[in-house]
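K.L.:
Got a structure for you, written out below as structure tokens; questions coming shortly.
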Amino acid sequence: MNQVAEMLWHRLMGLMPGELKQSELGWLFSPHRHLSLLARRRAKLIVNRVRLFAFLFAVLTPLWSIIDFIVFPFPLWGQLALMRFAASAAFASLLVYYRSNGDLFNAYRAMALLFAIPTVFYVASHTLLTHYQLTGMSAAIGAGYAFLPFVLLGGLAVFPLAIAESFVVASPILVCHAVSGYLRWAAMDWPAFTGAFWLLVLITGVAALAGICQLAFMIALVRQAIRDPLTNAFSRSSGMEILDLHFTMAERGNAPFALAFLDLDHFKRINDGYGHEAGDRALVTMTERVSQHMRHGDVLARWGGEEFLLIMPGTGLEQARTAIERLRSSGFGERPEGGPVTASIGIAERRADHVGDWKRLVELADQRMYAAKQGGRDRVVSGEPAAVPAPCHQAMPAIAAAAPV
């Protein structure tokens with residue numbers, strides 16, 4: 001069974017070379033496990049494309065009234081014109097007033113509004129047209145109104161959506177098309193209706209495929225943008241975005257929020273004595289060890305050089321200290337000259353330290369990290385420097401006597 005799954009995976013990767021990791025495959029089906037940074041970027045992109053569509057429809061929808069005026073009788077044209085200008089006003093309002101706040105549900109509302117406006121127009125206009133016996137050119141133009149659902153479903157292709165999201169958006173349109181057929185039950189041309197409905201389903205499938213291809217490409221781009229290329233930890237810029245997001249959420253819910261600032265001890269000695277490749281290996285090993293043992297929900301960001309920031313949402317000061325001690329006991333790797341890689345660590349927590357800004361929280365954790373270095377390195381400081389505990393590793397004498405990095 002595993003071999004079959006592996007074979008299917010490799011075949012799928014042949015269709016999207018280099019874009020996705022195997023652990024990210026499930027992201028194409030549901031947004032449930034998307035990274036918060038990916039969700040924020042995707043939300044902004046979706047809203048921007050909604051507004052682009054709204055601009056296009058706001059301009060083109062009333063212009064079609066010129067064609068209606070030429071081919072339809074005046075009462076029908078007047079009613080359709082009112083519907084068109086109402087729809088155009090709704091599109092214009094969506095364009096002018098709707099803005100992204102980085103929240104995915106805000107983006108979903110934007111899409112719902114975008115697709116609801118033409119769907120309501122389609123049902124209303126279709127119902128109205130059934131009351132008129134149109135012939136010739138009027139009948140041909142009237143039949144064109146039936147193509148609006150095809151346009152809507154084709155428009156799904158511009159959005160980076162997971163399969164579940166595409167299904168949720170497309171379902172109301174397919175249902176409305178079925179309802180319009182029910183309204184014409186007595187005079188229904190069933191072969192034509194069945195063919196049109198099948199074509200709608202096919203367009204939905206193609207649009208959904210285009211959407212997940214966009215999503216796959218976006219996942220790859222976001223991964224490259226937010227990760228440090230050497231260690232695969234989050235980059236500093238993405239770490240700042242995560243800090244802003246989680247600190248705001250912690251403030252709203254008055255929840256605990258802790259940070260640990262880690263700086264590898266005597267790292268310059270590794271680079272100077274054994275080369276930058278040895279230093280790189282030490283950094284990679286350290287991040288691998290931390291990633292293996294940190295708790296679910298914690299985020300590790302490379303802050304610069306050998307400095308790292310461990311972001312711990314929903315974590316109080318004592319919990320953070322316990323988690324950090326567990327990381328220290330598991331070790332950060334081995335130095336090229338022998339002996340363990342150690343780190344000086346400072347911990348700060350939002351509520352315990354009465355901090356109202358994430359930048360100040362980082363600054364406080366940084367100060368405590370330096371206090372740990374001044375206190376002898378290989379230790380944790382989570383309060384006043386006087387409360388420095390004993391190190392969990394005995395540093396080598398030569399290293400202990402070295403100057404600070």
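Chain identifiers are assigned as A, B, and so on, following the order in which chains appear in the structure tokens; residues are numbered from 1 within each chain, and ligands are numbered from 1 in order of appearance.
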Do a neighbour search on Pro172 in chain A at 10 Å with only C-alpha atoms, toss out local chain neighbours closer than 3 positions, and write the hits as a PDB file with all heavy atoms, in the first residue's frame.
P.N.:
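Here's the written file around-v4.pdb:
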```
ATOM      1  N   ALA A 112     -17.733  35.514  -1.429  1.00  0.00           N
ATOM      2  CA  ALA A 112     -19.177  35.233  -1.358  1.00  0.00           C
ATOM      3  C   ALA A 112     -19.975  36.391  -1.934  1.00  0.00           C
ATOM      4  O   ALA A 112     -20.934  36.193  -2.695  1.00  0.00           O
ATOM      5  CB  ALA A 112     -19.582  34.961   0.084  1.00  0.00           C
ATOM      6  N   PHE A 115     -19.563  36.565  -5.872  1.00  0.00           N
ATOM      7  CA  PHE A 115     -20.315  35.568  -6.623  1.00  0.00           C
ATOM      8  C   PHE A 115     -21.816  35.661  -6.350  1.00  0.00           C
ATOM      9  O   PHE A 115     -22.611  35.235  -7.191  1.00  0.00           O
ATOM     10  CB  PHE A 115     -19.793  34.164  -6.305  1.00  0.00           C
ATOM     11  CG  PHE A 115     -18.500  33.844  -6.993  1.00  0.00           C
ATOM     12  CD1 PHE A 115     -17.285  34.110  -6.388  1.00  0.00           C
ATOM     13  CD2 PHE A 115     -18.492  33.284  -8.254  1.00  0.00           C
ATOM     14  CE1 PHE A 115     -16.095  33.827  -7.027  1.00  0.00           C
ATOM     15  CE2 PHE A 115     -17.306  32.990  -8.906  1.00  0.00           C
ATOM     16  CZ  PHE A 115     -16.090  33.265  -8.288  1.00  0.00           C
ATOM     17  N   ALA A 116     -22.200  36.214  -5.212  1.00  0.00           N
ATOM     18  CA  ALA A 116     -23.628  36.334  -4.909  1.00  0.00           C
ATOM     19  C   ALA A 116     -24.300  37.364  -5.814  1.00  0.00           C
ATOM     20  O   ALA A 116     -25.450  37.170  -6.242  1.00  0.00           O
ATOM     21  CB  ALA A 116     -23.826  36.721  -3.448  1.00  0.00           C
ATOM     22  N   THR A 119     -24.988  35.947  -9.250  1.00  0.00           N
ATOM     23  CA  THR A 119     -25.888  34.799  -9.118  1.00  0.00           C
ATOM     24  C   THR A 119     -27.328  35.267  -8.920  1.00  0.00           C
ATOM     25  O   THR A 119     -28.264  34.744  -9.548  1.00  0.00           O
ATOM     26  CB  THR A 119     -25.450  33.913  -7.938  1.00  0.00           C
ATOM     27  OG1 THR A 119     -24.121  33.443  -8.168  1.00  0.00           O
ATOM     28  CG2 THR A 119     -26.375  32.718  -7.791  1.00  0.00           C
ATOM     29  N   PHE A 167     -15.084  23.824  -4.182  1.00  0.00           N
ATOM     30  CA  PHE A 167     -16.376  23.133  -4.140  1.00  0.00           C
ATOM     31  C   PHE A 167     -17.424  23.983  -3.422  1.00  0.00           C
ATOM     32  O   PHE A 167     -18.568  24.103  -3.880  1.00  0.00           O
ATOM     33  CB  PHE A 167     -16.217  21.785  -3.441  1.00  0.00           C
ATOM     34  CG  PHE A 167     -17.514  21.042  -3.251  1.00  0.00           C
ATOM     35  CD1 PHE A 167     -18.103  20.368  -4.308  1.00  0.00           C
ATOM     36  CD2 PHE A 167     -18.148  21.034  -2.017  1.00  0.00           C
ATOM     37  CE1 PHE A 167     -19.308  19.694  -4.145  1.00  0.00           C
ATOM     38  CE2 PHE A 167     -19.349  20.362  -1.836  1.00  0.00           C
ATOM     39  CZ  PHE A 167     -19.935  19.697  -2.911  1.00  0.00           C
ATOM     40  N   VAL A 168     -17.032  24.600  -2.306  1.00  0.00           N
ATOM     41  CA  VAL A 168     -17.973  25.422  -1.539  1.00  0.00           C
ATOM     42  C   VAL A 168     -18.429  26.628  -2.348  1.00  0.00           C
ATOM     43  O   VAL A 168     -19.611  26.997  -2.345  1.00  0.00           O
ATOM     44  CB  VAL A 168     -17.330  25.872  -0.205  1.00  0.00           C
ATOM     45  CG1 VAL A 168     -18.192  26.920   0.485  1.00  0.00           C
ATOM     46  CG2 VAL A 168     -17.135  24.671   0.710  1.00  0.00           C
ATOM     47  N   VAL A 169     -17.514  27.262  -3.076  1.00  0.00           N
ATOM     48  CA  VAL A 169     -17.871  28.435  -3.873  1.00  0.00           C
ATOM     49  C   VAL A 169     -18.730  28.050  -5.067  1.00  0.00           C
ATOM     50  O   VAL A 169     -19.691  28.746  -5.415  1.00  0.00           O
ATOM     51  CB  VAL A 169     -16.597  29.169  -4.344  1.00  0.00           C
ATOM     52  CG1 VAL A 169     -16.949  30.318  -5.285  1.00  0.00           C
ATOM     53  CG2 VAL A 169     -15.824  29.707  -3.149  1.00  0.00           C
ATOM     54  N   VAL A 175     -26.296  24.922  -7.938  1.00  0.00           N
ATOM     55  CA  VAL A 175     -27.659  24.771  -7.410  1.00  0.00           C
ATOM     56  C   VAL A 175     -28.598  25.765  -8.072  1.00  0.00           C
ATOM     57  O   VAL A 175     -29.736  25.422  -8.447  1.00  0.00           O
ATOM     58  CB  VAL A 175     -27.659  24.947  -5.878  1.00  0.00           C
ATOM     59  CG1 VAL A 175     -29.085  25.050  -5.346  1.00  0.00           C
ATOM     60  CG2 VAL A 175     -26.929  23.789  -5.202  1.00  0.00           C
ATOM     61  N   CYS A 176     -28.142  26.996  -8.238  1.00  0.00           N
ATOM     62  CA  CYS A 176     -28.985  28.023  -8.884  1.00  0.00           C
ATOM     63  C   CYS A 176     -29.292  27.648 -10.335  1.00  0.00           C
ATOM     64  O   CYS A 176     -30.401  27.901 -10.830  1.00  0.00           O
ATOM     65  CB  CYS A 176     -28.294  29.379  -8.828  1.00  0.00           C
ATOM     66  SG  CYS A 176     -28.361  30.147  -7.197  1.00  0.00           S
ATOM     67  N   HIS A 177     -28.326  27.051 -11.006  1.00  0.00           N
ATOM     68  CA  HIS A 177     -28.575  26.620 -12.386  1.00  0.00           C
ATOM     69  C   HIS A 177     -29.635  25.522 -12.406  1.00  0.00           C
ATOM     70  O   HIS A 177     -30.519  25.509 -13.277  1.00  0.00           O
ATOM     71  CB  HIS A 177     -27.277  26.115 -13.012  1.00  0.00           C
ATOM     72  CG  HIS A 177     -27.422  25.762 -14.458  1.00  0.00           C
ATOM     73  ND1 HIS A 177     -27.593  26.693 -15.457  1.00  0.00           N
ATOM     74  CD2 HIS A 177     -27.431  24.548 -15.091  1.00  0.00           C
ATOM     75  CE1 HIS A 177     -27.689  26.096 -16.630  1.00  0.00           C
ATOM     76  NE2 HIS A 177     -27.594  24.792 -16.430  1.00  0.00           N
ATOM     77  N   ALA A 178     -29.544  24.604 -11.432  1.00  0.00           N
ATOM     78  CA  ALA A 178     -30.557  23.551 -11.341  1.00  0.00           C
ATOM     79  C   ALA A 178     -31.924  24.137 -11.023  1.00  0.00           C
ATOM     80  O   ALA A 178     -32.953  23.699 -11.573  1.00  0.00           O
ATOM     81  CB  ALA A 178     -30.146  22.528 -10.286  1.00  0.00           C
TER      82      ALA A 178
END
```
K.L.:
With a distance cut-off of 10 Å and only C-alpha atoms, select the neighbouring residues of Cys213 in chain A, excluding the residue or stretch itself and same-chain residues fewer than 4 positions from it, and output the selection as a PyMOL selection string.
P.N.:
chain A and resi 15-16+19+28+157+159-162+207-209+217-219
K.L.:
Can you spit out the residues from that selection as an mmCIF file, in the first residue's frame, using all heavy atoms?
P.N.:
```
data_model
loop_
_atom_site.group_PDB
_atom_site.id
_atom_site.type_symbol
_atom_site.label_atom_id
_atom_site.label_comp_id
_atom_site.auth_asym_id
_atom_site.auth_seq_id
_atom_site.Cartn_x
_atom_site.Cartn_y
_atom_site.Cartn_z
ATOM 1 N N LEU A 15 3.898 16.159 -12.368
ATOM 2 C CA LEU A 15 3.026 17.173 -12.962
ATOM 3 C C LEU A 15 3.291 18.559 -12.391
ATOM 4 O O LEU A 15 3.036 19.565 -13.047
ATOM 5 C CB LEU A 15 1.551 16.802 -12.712
ATOM 6 C CG LEU A 15 1.094 15.471 -13.293
ATOM 7 C CD1 LEU A 15 -0.353 15.205 -12.897
ATOM 8 C CD2 LEU A 15 1.231 15.465 -14.813
ATOM 9 N N MET A 16 3.799 18.623 -11.152
ATOM 10 C CA MET A 16 4.126 19.899 -10.528
ATOM 11 C C MET A 16 5.551 19.834 -9.989
ATOM 12 O O MET A 16 5.783 19.755 -8.783
ATOM 13 C CB MET A 16 3.147 20.207 -9.397
ATOM 14 C CG MET A 16 1.738 20.426 -9.854
ATOM 15 S SD MET A 16 0.621 20.940 -8.521
ATOM 16 C CE MET A 16 0.592 19.458 -7.515
ATOM 17 N N GLU A 19 7.527 21.960 -6.802
ATOM 18 C CA GLU A 19 6.671 22.962 -6.172
ATOM 19 C C GLU A 19 6.277 22.579 -4.749
ATOM 20 O O GLU A 19 6.229 23.428 -3.874
ATOM 21 C CB GLU A 19 5.409 23.192 -7.014
ATOM 22 C CG GLU A 19 5.695 23.881 -8.338
ATOM 23 C CD GLU A 19 4.433 24.131 -9.144
ATOM 24 O OE1 GLU A 19 3.336 23.884 -8.610
ATOM 25 O OE2 GLU A 19 4.532 24.545 -10.297
ATOM 26 N N LEU A 28 -3.466 21.135 -0.473
ATOM 27 C CA LEU A 28 -4.214 21.374 -1.715
ATOM 28 C C LEU A 28 -5.684 21.001 -1.569
ATOM 29 O O LEU A 28 -6.523 21.480 -2.327
ATOM 30 C CB LEU A 28 -3.606 20.567 -2.866
ATOM 31 C CG LEU A 28 -2.161 20.885 -3.247
ATOM 32 C CD1 LEU A 28 -1.724 20.015 -4.413
ATOM 33 C CD2 LEU A 28 -1.991 22.356 -3.586
ATOM 34 N N ALA A 157 -10.881 30.220 -11.627
ATOM 35 C CA ALA A 157 -9.513 29.839 -11.975
ATOM 36 C C ALA A 157 -8.479 30.877 -11.538
ATOM 37 O O ALA A 157 -7.294 30.556 -11.446
ATOM 38 C CB ALA A 157 -9.406 29.599 -13.485
ATOM 39 N N PHE A 159 -8.311 32.356 -8.651
ATOM 40 C CA PHE A 159 -8.111 32.363 -7.205
ATOM 41 C C PHE A 159 -7.295 31.149 -6.762
ATOM 42 O O PHE A 159 -7.564 30.018 -7.200
ATOM 43 C CB PHE A 159 -9.454 32.353 -6.470
ATOM 44 C CG PHE A 159 -10.305 33.564 -6.724
ATOM 45 C CD1 PHE A 159 -11.363 33.510 -7.619
ATOM 46 C CD2 PHE A 159 -10.034 34.754 -6.081
ATOM 47 C CE1 PHE A 159 -12.147 34.621 -7.854
ATOM 48 C CE2 PHE A 159 -10.812 35.881 -6.310
ATOM 49 C CZ PHE A 159 -11.864 35.814 -7.204
ATOM 50 N N PRO A 160 -6.306 31.337 -5.868
ATOM 51 C CA PRO A 160 -5.528 30.205 -5.339
ATOM 52 C C PRO A 160 -6.311 29.490 -4.242
ATOM 53 O O PRO A 160 -6.166 29.782 -3.055
ATOM 54 C CB PRO A 160 -4.270 30.894 -4.787
ATOM 55 C CG PRO A 160 -4.731 32.261 -4.394
ATOM 56 C CD PRO A 160 -5.821 32.630 -5.361
ATOM 57 N N LEU A 161 -7.162 28.551 -4.650
ATOM 58 C CA LEU A 161 -8.068 27.894 -3.713
ATOM 59 C C LEU A 161 -7.757 26.414 -3.581
ATOM 60 O O LEU A 161 -7.344 25.756 -4.546
ATOM 61 C CB LEU A 161 -9.521 28.045 -4.184
ATOM 62 C CG LEU A 161 -10.069 29.466 -4.323
ATOM 63 C CD1 LEU A 161 -11.496 29.420 -4.874
ATOM 64 C CD2 LEU A 161 -10.027 30.207 -3.001
ATOM 65 N N ALA A 162 -7.984 25.890 -2.385
ATOM 66 C CA ALA A 162 -7.934 24.441 -2.174
ATOM 67 C C ALA A 162 -9.193 23.813 -2.768
ATOM 68 O O ALA A 162 -10.176 24.501 -3.068
ATOM 69 C CB ALA A 162 -7.842 24.133 -0.680
ATOM 70 N N ALA A 207 -11.488 24.770 -13.460
ATOM 71 C CA ALA A 207 -11.173 25.943 -12.642
ATOM 72 C C ALA A 207 -10.567 25.540 -11.300
ATOM 73 O O ALA A 207 -9.639 26.183 -10.809
ATOM 74 C CB ALA A 207 -12.437 26.773 -12.422
ATOM 75 N N ALA A 208 -11.090 24.461 -10.709
ATOM 76 C CA ALA A 208 -10.533 23.976 -9.444
ATOM 77 C C ALA A 208 -9.101 23.495 -9.628
ATOM 78 O O ALA A 208 -8.233 23.732 -8.774
ATOM 79 C CB ALA A 208 -11.405 22.851 -8.885
ATOM 80 N N LEU A 209 -8.826 22.836 -10.754
ATOM 81 C CA LEU A 209 -7.460 22.395 -11.042
ATOM 82 C C LEU A 209 -6.520 23.584 -11.189
ATOM 83 O O LEU A 209 -5.400 23.575 -10.670
ATOM 84 C CB LEU A 209 -7.449 21.546 -12.315
ATOM 85 C CG LEU A 209 -6.079 21.033 -12.776
ATOM 86 C CD1 LEU A 209 -5.461 20.133 -11.717
ATOM 87 C CD2 LEU A 209 -6.204 20.292 -14.097
ATOM 88 N N PHE A 217 1.864 26.629 -6.380
ATOM 89 C CA PHE A 217 2.932 27.567 -6.700
ATOM 90 C C PHE A 217 3.101 28.591 -5.588
ATOM 91 O O PHE A 217 4.222 28.954 -5.208
ATOM 92 C CB PHE A 217 2.610 28.256 -8.032
ATOM 93 C CG PHE A 217 3.730 29.095 -8.558
ATOM 94 C CD1 PHE A 217 4.976 28.550 -8.832
ATOM 95 C CD2 PHE A 217 3.540 30.450 -8.801
ATOM 96 C CE1 PHE A 217 6.011 29.327 -9.323
ATOM 97 C CE2 PHE A 217 4.567 31.237 -9.292
ATOM 98 C CZ PHE A 217 5.808 30.677 -9.554
ATOM 99 N N MET A 218 1.984 29.042 -5.025
ATOM 100 C CA MET A 218 2.035 30.025 -3.945
ATOM 101 C C MET A 218 2.662 29.426 -2.693
ATOM 102 O O MET A 218 3.433 30.092 -1.995
ATOM 103 C CB MET A 218 0.625 30.530 -3.647
ATOM 104 C CG MET A 218 0.590 31.707 -2.696
ATOM 105 S SD MET A 218 -1.081 32.365 -2.499
ATOM 106 C CE MET A 218 -0.714 33.799 -1.472
ATOM 107 N N ILE A 219 2.327 28.167 -2.391
ATOM 108 C CA ILE A 219 2.919 27.488 -1.234
ATOM 109 C C ILE A 219 4.438 27.457 -1.368
ATOM 110 O O ILE A 219 5.175 27.740 -0.414
ATOM 111 C CB ILE A 219 2.356 26.064 -1.093
ATOM 112 C CG1 ILE A 219 0.885 26.114 -0.647
ATOM 113 C CG2 ILE A 219 3.171 25.249 -0.092
ATOM 114 C CD1 ILE A 219 0.185 24.769 -0.706
#
```
K.L.:
Interatomic distance between CA of His293 in chain A and CA of Thr231 in chain A?
P.N.:
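Answer for the CA of His293 in chain A to CA of Thr231 in chain A separation: 15.7 Å.
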K.L.:
Go ahead and compute the interatomic distance for CA of Phe308 in chain A and CA of Asp103 in chain A, in Å to one decimal.
P.N.:
27.5 Å
K.L.:
Where does DSSP see helix (DSSP H, G or I) in range 42-277 of chain A, if you list the residues as JSON, numbers by chain?
P.N.:
{"A": [42, 43, 44, 45, 46, 47, 48, 49, 50, 51, 52, 53, 54, 55, 56, 57, 58, 59, 60, 61, 62, 63, 65, 66, 67, 68, 69, 70, 71, 74, 75, 76, 77, 78, 79, 80, 81, 82, 83, 84, 85, 86, 87, 88, 89, 90, 91, 92, 93, 94, 95, 96, 97, 104, 105, 106, 107, 108, 109, 110, 111, 112, 113, 114, 115, 116, 117, 118, 119, 120, 121, 122, 123, 124, 125, 126, 127, 128, 129, 136, 137, 138, 139, 140, 141, 142, 143, 144, 145, 146, 147, 148, 149, 150, 151, 152, 153, 154, 155, 156, 157, 158, 163, 164, 165, 166, 167, 168, 169, 170, 171, 172, 173, 174, 175, 176, 177, 178, 179, 180, 181, 182, 183, 190, 191, 192, 193, 194, 195, 196, 197, 198, 199, 200, 201, 202, 203, 204, 205, 206, 207, 208, 209, 210, 211, 212, 213, 214, 215, 216, 217, 218, 219, 220, 221, 222, 223, 224, 225, 226, 236, 237, 238, 239, 240, 241, 242, 243, 244, 245, 246, 247, 248, 249, 250, 251, 252, 253, 267, 268, 269, 270, 271, 272, 273, 274, 276, 277]}
K.L.:
Can you tell me which residues surround Arg40 in chain A at a distance of at most 10 Å, considering only C-alpha atoms, apart from same-chain residues fewer than 6 positions away, and format the answer as a ChimeraX atom specification?
P.N.:
/A:34,46,100-104,107,241,245
K.L.:
Put those residues in a file: C-alpha atoms, as a PDB file, in the first residue's frame.
P.N.:
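Result file selection_36.pdb:
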```pdb
ATOM      1  CA  HIS A  34      -2.068  26.121   6.226  1.00  0.00           C
ATOM      2  CA  ILE A  46      -7.955  36.722  -2.853  1.00  0.00           C
ATOM      3  CA  SER A 100      -8.178  42.950   3.182  1.00  0.00           C
ATOM      4  CA  ASN A 101      -7.226  42.675   6.846  1.00  0.00           C
ATOM      5  CA  GLY A 102      -5.206  39.494   6.340  1.00  0.00           C
ATOM      6  CA  ASP A 103      -7.980  37.294   7.719  1.00  0.00           C
ATOM      7  CA  LEU A 104      -9.018  34.344   5.570  1.00  0.00           C
ATOM      8  CA  ALA A 107     -11.454  36.934   2.090  1.00  0.00           C
ATOM      9  CA  GLU A 241       5.031  38.958  11.057  1.00  0.00           C
ATOM     10  CA  LEU A 245      -0.047  38.177  14.578  1.00  0.00           C
TER      11      LEU A 245
END
```
K.L.:
Residues within 12 Å of range 277-283 of chain A, please, as a ChimeraX atom specification. Count only C-alpha atoms; anything in the same chain fewer than 4 positions from it doesn't count.
P.N.:
/A:228-233,262-273,287-290,302,304-308,331-337,340-343
K.L.:
Atoms to include: N, CA and C atoms. Write the selected residues as a short mmCIF file (atom, residue, chain, number, x, y, z; two decimals), in the first residue's frame.
P.N.:
```cif
data_model
loop_
_atom_site.label_atom_id
_atom_site.label_comp_id
_atom_site.auth_asym_id
_atom_site.auth_seq_id
_atom_site.Cartn_x
_atom_site.Cartn_y
_atom_site.Cartn_z
N ASP A 228 14.52 30.65 6.30
CA ASP A 228 15.95 30.88 6.15
C ASP A 228 16.53 29.75 5.30
N PRO A 229 17.23 30.08 4.20
CA PRO A 229 17.67 29.02 3.28
C PRO A 229 18.66 28.03 3.88
N LEU A 230 19.42 28.43 4.88
CA LEU A 230 20.40 27.52 5.48
C LEU A 230 19.76 26.59 6.49
N THR A 231 19.06 27.15 7.45
CA THR A 231 18.59 26.35 8.59
C THR A 231 17.15 25.87 8.45
N ASN A 232 16.41 26.44 7.52
CA ASN A 232 14.99 26.15 7.32
C ASN A 232 14.13 26.66 8.47
N ALA A 233 14.71 27.40 9.40
CA ALA A 233 13.91 28.12 10.38
C ALA A 233 13.24 29.30 9.68
N LEU A 262 17.71 32.89 21.92
CA LEU A 262 18.83 31.94 22.03
C LEU A 262 20.03 32.45 21.24
N ASP A 263 21.20 32.42 21.86
CA ASP A 263 22.44 32.78 21.19
C ASP A 263 23.48 31.70 21.47
N LEU A 264 24.00 31.08 20.41
CA LEU A 264 24.97 30.00 20.60
C LEU A 264 26.26 30.56 21.20
N ASP A 265 26.80 29.86 22.18
CA ASP A 265 27.98 30.33 22.89
C ASP A 265 29.25 30.09 22.07
N HIS A 266 30.12 31.11 22.05
CA HIS A 266 31.43 31.01 21.39
C HIS A 266 31.31 30.49 19.96
N PHE A 267 30.31 30.96 19.24
CA PHE A 267 30.13 30.49 17.87
C PHE A 267 31.24 31.00 16.95
N LYS A 268 31.74 32.19 17.22
CA LYS A 268 32.80 32.75 16.37
C LYS A 268 34.04 31.86 16.39
N ARG A 269 34.29 31.21 17.53
CA ARG A 269 35.45 30.32 17.61
C ARG A 269 35.33 29.15 16.62
N ILE A 270 34.10 28.67 16.38
CA ILE A 270 33.90 27.59 15.40
C ILE A 270 34.23 28.09 14.00
N ASN A 271 33.70 29.26 13.63
CA ASN A 271 33.96 29.82 12.30
C ASN A 271 35.44 30.11 12.10
N ASP A 272 36.07 30.71 13.10
CA ASP A 272 37.49 31.08 12.96
C ASP A 272 38.40 29.87 12.95
N GLY A 273 38.08 28.88 13.77
CA GLY A 273 38.98 27.74 13.89
C GLY A 273 38.71 26.61 12.90
N THR A 287 19.22 23.86 14.81
CA THR A 287 17.82 24.07 14.45
C THR A 287 17.07 22.75 14.29
N GLU A 288 17.76 21.72 13.80
CA GLU A 288 17.12 20.40 13.70
C GLU A 288 16.78 19.86 15.08
N ARG A 289 17.72 20.00 16.02
CA ARG A 289 17.48 19.51 17.38
C ARG A 289 16.31 20.26 18.04
N VAL A 290 16.31 21.58 17.89
CA VAL A 290 15.24 22.37 18.49
C VAL A 290 13.89 22.03 17.85
N ARG A 302 15.18 32.43 12.77
CA ARG A 302 16.59 32.85 12.84
C ARG A 302 16.61 34.38 12.82
N GLY A 304 19.32 36.35 13.35
CA GLY A 304 20.53 36.91 12.76
C GLY A 304 21.76 36.17 13.21
N GLY A 305 22.61 35.72 12.26
CA GLY A 305 23.82 34.99 12.63
C GLY A 305 23.50 33.74 13.41
N GLU A 306 24.02 33.68 14.66
CA GLU A 306 23.77 32.53 15.52
C GLU A 306 22.67 32.81 16.53
N GLU A 307 21.89 33.86 16.33
CA GLU A 307 20.80 34.22 17.23
C GLU A 307 19.46 33.71 16.70
N PHE A 308 18.68 33.12 17.59
CA PHE A 308 17.38 32.55 17.22
C PHE A 308 16.33 33.01 18.22
N GLY A 331 20.01 18.84 24.14
CA GLY A 331 21.27 19.25 23.52
C GLY A 331 21.07 19.96 22.20
N PHE A 332 22.07 20.77 21.85
CA PHE A 332 22.03 21.53 20.60
C PHE A 332 23.05 21.03 19.58
N GLY A 333 23.69 19.90 19.85
CA GLY A 333 24.69 19.37 18.92
C GLY A 333 26.07 19.33 19.54
N GLU A 334 27.05 18.97 18.73
CA GLU A 334 28.44 18.85 19.19
C GLU A 334 29.32 19.86 18.48
N ARG A 335 30.28 20.42 19.23
CA ARG A 335 31.26 21.35 18.64
C ARG A 335 32.32 20.57 17.88
N PRO A 336 32.92 21.16 16.84
CA PRO A 336 33.95 20.44 16.07
C PRO A 336 35.14 20.03 16.92
N GLU A 337 35.48 20.84 17.94
CA GLU A 337 36.63 20.50 18.78
C GLU A 337 36.27 19.57 19.92
N PRO A 340 29.75 19.82 23.96
CA PRO A 340 28.43 20.18 23.45
C PRO A 340 28.36 21.63 22.99
N VAL A 341 27.50 21.85 22.02
CA VAL A 341 27.12 23.22 21.66
C VAL A 341 26.15 23.71 22.73
N THR A 342 26.44 24.87 23.28
CA THR A 342 25.58 25.44 24.32
C THR A 342 25.03 26.78 23.86
N ALA A 343 24.07 27.28 24.61
CA ALA A 343 23.43 28.54 24.25
C ALA A 343 23.11 29.34 25.50
#
```
K.L.:
Just how far from CA of Ile212 in chain A is CA of Leu94 in chain A, in Å to one decimal?
P.N.:
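These atoms are spaced 25.3 Å apart.
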K.L.:
Based on the backbone DSSP call, show me all residues of range 161-289 of chain A assigned strand (DSSP E or B), as a PyMOL selection string.
P.N.:
chain A and resi 227+234+257-264
K.L.:
Which is closest to Trp198 in chain A among A:Gly142, A:Leu215, A:Pro31, A:Leu174, if we use only C-alpha atoms?
P.N.:
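Answer, going by the shortest atom-to-atom distance: A:Leu174.
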K.L.:
Just want the 10 Å neighbourhood of Leu82 in chain A, counted on only C-alpha atoms, with same-chain residues fewer than 5 positions away dropped. Output as a PyMOL selection string.
P.N.:
chain A and resi 62+65+77+87-88
K.L.:
Could you turn the residues from that selection into a file that holds all heavy atoms, as a CSV table (one decimal), in the first residue's frame?
P.N.:
```
chain,number,residue,atom,x,y,z
A,62,PRO,N,-23.3,47.4,-16.9
A,62,PRO,CA,-24.3,48.3,-17.4
A,62,PRO,C,-24.1,48.6,-18.9
A,62,PRO,O,-25.0,49.0,-19.6
A,62,PRO,CB,-24.0,49.6,-16.6
A,62,PRO,CG,-22.6,49.5,-16.2
A,62,PRO,CD,-22.4,48.0,-15.9
A,65,SER,N,-26.4,47.0,-21.4
A,65,SER,CA,-27.8,47.5,-21.6
A,65,SER,C,-28.0,48.1,-23.0
A,65,SER,O,-29.1,48.2,-23.5
A,65,SER,CB,-28.0,48.6,-20.5
A,65,SER,OG,-28.2,48.0,-19.2
A,77,TRP,N,-36.5,45.7,-21.5
A,77,TRP,CA,-35.2,46.4,-21.4
A,77,TRP,C,-35.1,47.2,-20.1
A,77,TRP,O,-34.1,47.3,-19.4
A,77,TRP,CB,-35.0,47.3,-22.6
A,77,TRP,CG,-33.8,48.2,-22.4
A,77,TRP,CD1,-32.5,47.9,-22.6
A,77,TRP,CD2,-33.8,49.6,-21.9
A,77,TRP,NE1,-31.7,49.0,-22.3
A,77,TRP,CE2,-32.5,50.0,-21.9
A,77,TRP,CE3,-34.8,50.5,-21.6
A,77,TRP,CZ2,-32.1,51.3,-21.5
A,77,TRP,CZ3,-34.5,51.7,-21.1
A,77,TRP,CH2,-33.1,52.1,-21.1
A,87,ALA,N,-26.8,45.8,-9.9
A,87,ALA,CA,-25.6,44.9,-9.8
A,87,ALA,C,-24.3,45.7,-10.0
A,87,ALA,O,-23.4,45.4,-9.2
A,87,ALA,CB,-25.7,43.8,-10.9
A,88,SER,N,-24.3,46.7,-10.9
A,88,SER,CA,-23.1,47.5,-11.1
A,88,SER,C,-22.8,48.3,-9.8
A,88,SER,O,-21.6,48.4,-9.4
A,88,SER,CB,-23.3,48.4,-12.3
A,88,SER,OG,-22.1,49.2,-12.5
```
